[in-house]
Structure formats: C-alpha cells, structure tokens
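See structure below.
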Amino acid sequence: MPISHKSSSTSLQPHYWPIAQLPGLSADNESLLQEYGIATTGQLLKKAASSDRKLLLSNQLQVHIQYVNKWVALADMARIPSVGCEYCGLLLHAGVSSTKQLAEISVQRLHQQILRFYVGNMQRRDLCPGVELVQLWIQQAKMLII
C-alpha cells in the first residue's frame with residue numbers, strides 16, 4: 001500500500017512504498033536499509049538524492065554502488081502512481097532507469113521494448129501491458145518531473 005503525501009494542489013502526487021515492496025530486494029538488503037533508517041522508497045530517494053550521497057550510502061551499507069543505483073532507480077519509478085512497485089522492475093528491464101527518462105520516451109518505442117522483453121524472456125505476448133497503460137505511465141511521469 002502506498003504512502004501518499006497530501007497537498008492542497010490537485011496535481012499528481014508521488015507515491016512512496018514500504019522498502020520491502022521494491023522488487024528484487026533481498027531480505028538481507030531490506031534489513032540493512034531498515035537499520036540505516038530507510039523504511040520507505042521516499043526515504044531512500046531522500047538519502048540517495050545525489051551521486052555523492054549514493055556513494056556514501058553504498059559505503060555505509062557496505063554494498064556495491066550498483067545495488068544502490070538499482071534501488072534508487074526502482075524507487076524513483078515506483079513513485080509514479082500507475083507504475084508503483086508492480087511495474088518499476090519491468091521498466092528497468094526494458095531499459096528505463098528514471099522517471100525523467102520515462103517522460104521522454106515515446107509510447108510506441110517503450111511498448112515495443114516491453115513487448116520484446118515479454119516475448120524474449122517469457123514467451124508470453126499476452127502478458128504485456130497494453131499501450132494505454134504505457135501511455136498513462138508516460139503521462140504521469142511527465143506530471144511528476146514538472
């Protein structure tokens with residue numbers, strides 16, 4: 001369940017999730033993050049807001065910087081309400097690594113990348129999200145980077 005932040009404006013609000021819901025996060029890494037005071041994706045994004053802070057976090061947790069970069073990319077895309085933790089891993093596998101990058105890609109190109117992923121890895125074209133959903137991801141990404 002997302003942790004929303006209320007605002008008086010009617011603009012799209014980012015969603016933050018319990019860190020345990022990030023896809024691919026091992027129980028050991030979840031525990032490391034929790035011990036460092038990171039319980040939500042929002043807290044992770046705040047503590048790793050720059051390259052220097054990502055490197056610092058990597059050193060403090062004693063994990064490779066690639067793990068921190070991956071977690072931050074997933075947390076960044078998970079804040080898009082229609083993406084969440086359900087689809088952020090798929091986007092990363094399809095070659096999208098940030099909300100900004102998602103906002104700049106064309107619907108057709110991204111849908112083709114995702115379709116290639118589904119067919120190539122799962123031989124299941126029918127599981128691929130529809131063009132309408134991909135379009136919604138891109139629209140919401142644009143709203144969040146403004």
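Residues are named by chain letter and number: chains run A, B, ... in the order of the structure tokens, numbers start at 1 in each chain, and ligands are numbered from 1 in the order shown.
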Nearby residues (only C-alpha atoms) at most 12 Å from Gln43 (chain A), same-chain spacing under 6 positions excluded, as a short mmCIF file (atom, residue, chain, number, x, y, z; two decimals) with C-alpha atoms, in the first residue's frame:
```cif
data_model
loop_
_atom_site.label_atom_id
_atom_site.label_comp_id
_atom_site.auth_asym_id
_atom_site.auth_seq_id
_atom_site.Cartn_x
_atom_site.Cartn_y
_atom_site.Cartn_z
CA ILE A 3 2.30 6.10 1.48
CA HIS A 15 3.50 7.54 -4.06
CA TYR A 16 6.07 6.13 -1.66
CA TRP A 17 6.10 2.48 -0.68
CA PRO A 18 7.44 0.35 2.16
CA ILE A 19 11.01 -0.53 1.17
CA LEU A 33 18.27 -0.33 4.75
CA GLN A 34 15.93 -0.56 7.75
CA TYR A 36 20.06 2.73 8.39
CA GLY A 37 16.63 4.30 8.92
CA ALA A 49 19.49 12.23 -3.76
CA TRP A 71 17.24 0.55 -5.71
CA VAL A 72 17.10 4.29 -6.36
CA ALA A 75 12.13 3.75 -6.05
CA ASP A 76 12.10 6.70 -8.45
CA ARG A 79 6.60 6.86 -7.13
#
```
| field | Those of chain A in DSSP alpha helix (DSSP H), formatted as a PyMOL selection string | value | chain A and resi 27-35+41-47+51-61+65-78+84-93+99-104+107-122+131-145
Mind checking DSSP for chain A and telling me the strand (DSSP E) residues as a PDB file with all heavy atoms, in the first residue's frame?
```pdb
ATOM      1  N   ILE A   3       2.330   5.071   0.443  1.00  0.00           N
ATOM      2  CA  ILE A   3       2.296   6.097   1.476  1.00  0.00           C
ATOM      3  C   ILE A   3       2.207   7.420   0.736  1.00  0.00           C
ATOM      4  O   ILE A   3       3.169   7.838   0.106  1.00  0.00           O
ATOM      5  CB  ILE A   3       3.557   6.027   2.352  1.00  0.00           C
ATOM      6  CG1 ILE A   3       3.637   4.641   3.008  1.00  0.00           C
ATOM      7  CG2 ILE A   3       3.559   7.135   3.392  1.00  0.00           C
ATOM      8  CD1 ILE A   3       4.998   4.259   3.500  1.00  0.00           C
ATOM      9  N   SER A   4       1.039   8.036   0.711  1.00  0.00           N
ATOM     10  CA  SER A   4       0.832   9.264  -0.061  1.00  0.00           C
ATOM     11  C   SER A   4       1.120  10.486   0.798  1.00  0.00           C
ATOM     12  O   SER A   4       1.006  10.452   2.009  1.00  0.00           O
ATOM     13  CB  SER A   4      -0.608   9.342  -0.560  1.00  0.00           C
ATOM     14  OG  SER A   4      -0.863   8.301  -1.455  1.00  0.00           O
ATOM     15  N   HIS A  15       3.805   8.554  -5.058  1.00  0.00           N
ATOM     16  CA  HIS A  15       3.503   7.536  -4.059  1.00  0.00           C
ATOM     17  C   HIS A  15       4.818   6.966  -3.561  1.00  0.00           C
ATOM     18  O   HIS A  15       5.723   6.707  -4.349  1.00  0.00           O
ATOM     19  CB  HIS A  15       2.662   6.410  -4.662  1.00  0.00           C
ATOM     20  CG  HIS A  15       1.247   6.797  -4.913  1.00  0.00           C
ATOM     21  ND1 HIS A  15       0.271   5.879  -5.177  1.00  0.00           N
ATOM     22  CD2 HIS A  15       0.624   7.988  -4.938  1.00  0.00           C
ATOM     23  CE1 HIS A  15      -0.890   6.494  -5.354  1.00  0.00           C
ATOM     24  NE2 HIS A  15      -0.689   7.770  -5.220  1.00  0.00           N
ATOM     25  N   TYR A  16       4.907   6.752  -2.265  1.00  0.00           N
ATOM     26  CA  TYR A  16       6.070   6.131  -1.659  1.00  0.00           C
ATOM     27  C   TYR A  16       5.624   4.838  -1.003  1.00  0.00           C
ATOM     28  O   TYR A  16       4.536   4.766  -0.435  1.00  0.00           O
ATOM     29  CB  TYR A  16       6.738   7.085  -0.663  1.00  0.00           C
ATOM     30  CG  TYR A  16       7.196   8.345  -1.352  1.00  0.00           C
ATOM     31  CD1 TYR A  16       6.553   9.557  -1.143  1.00  0.00           C
ATOM     32  CD2 TYR A  16       8.242   8.304  -2.269  1.00  0.00           C
ATOM     33  CE1 TYR A  16       6.955  10.706  -1.811  1.00  0.00           C
ATOM     34  CE2 TYR A  16       8.646   9.448  -2.940  1.00  0.00           C
ATOM     35  CZ  TYR A  16       8.007  10.643  -2.710  1.00  0.00           C
ATOM     36  OH  TYR A  16       8.392  11.779  -3.378  1.00  0.00           O
TER      37      TYR A  16
END
```
| Which of these, A:Lys47, A:His64, A:His111, A:Lys142, has the shortest distance to Thr99 (chain A) once you count only C-alpha atoms? | A:Lys142
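Checking A:Leu44, A:Glu132, A:Ile80, A:Leu91 one by one against Tyr118 (chain A), counting only C-alpha atoms, you find the shortest gap at A:Leu91.
The coordinates place CA of Ile105 (chain A) at 13.2 Å from CA of Val131 (chain A).
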| query | Hey, can you check how far CA of Gln123 (chain A) sits from CA of Gly95 (chain A)? | reply |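 Between CA of Gln123 (chain A) and CA of Gly95 (chain A) the gap is 18.7 Å.
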| request: Excluding Lys54 (chain A) and any residue of its chain fewer than 3 positions from it, enumerate the residues within 12 Å of it, using only C-alpha atoms, and give them as number ranges by chain. | output: A: 44-51, 57-73
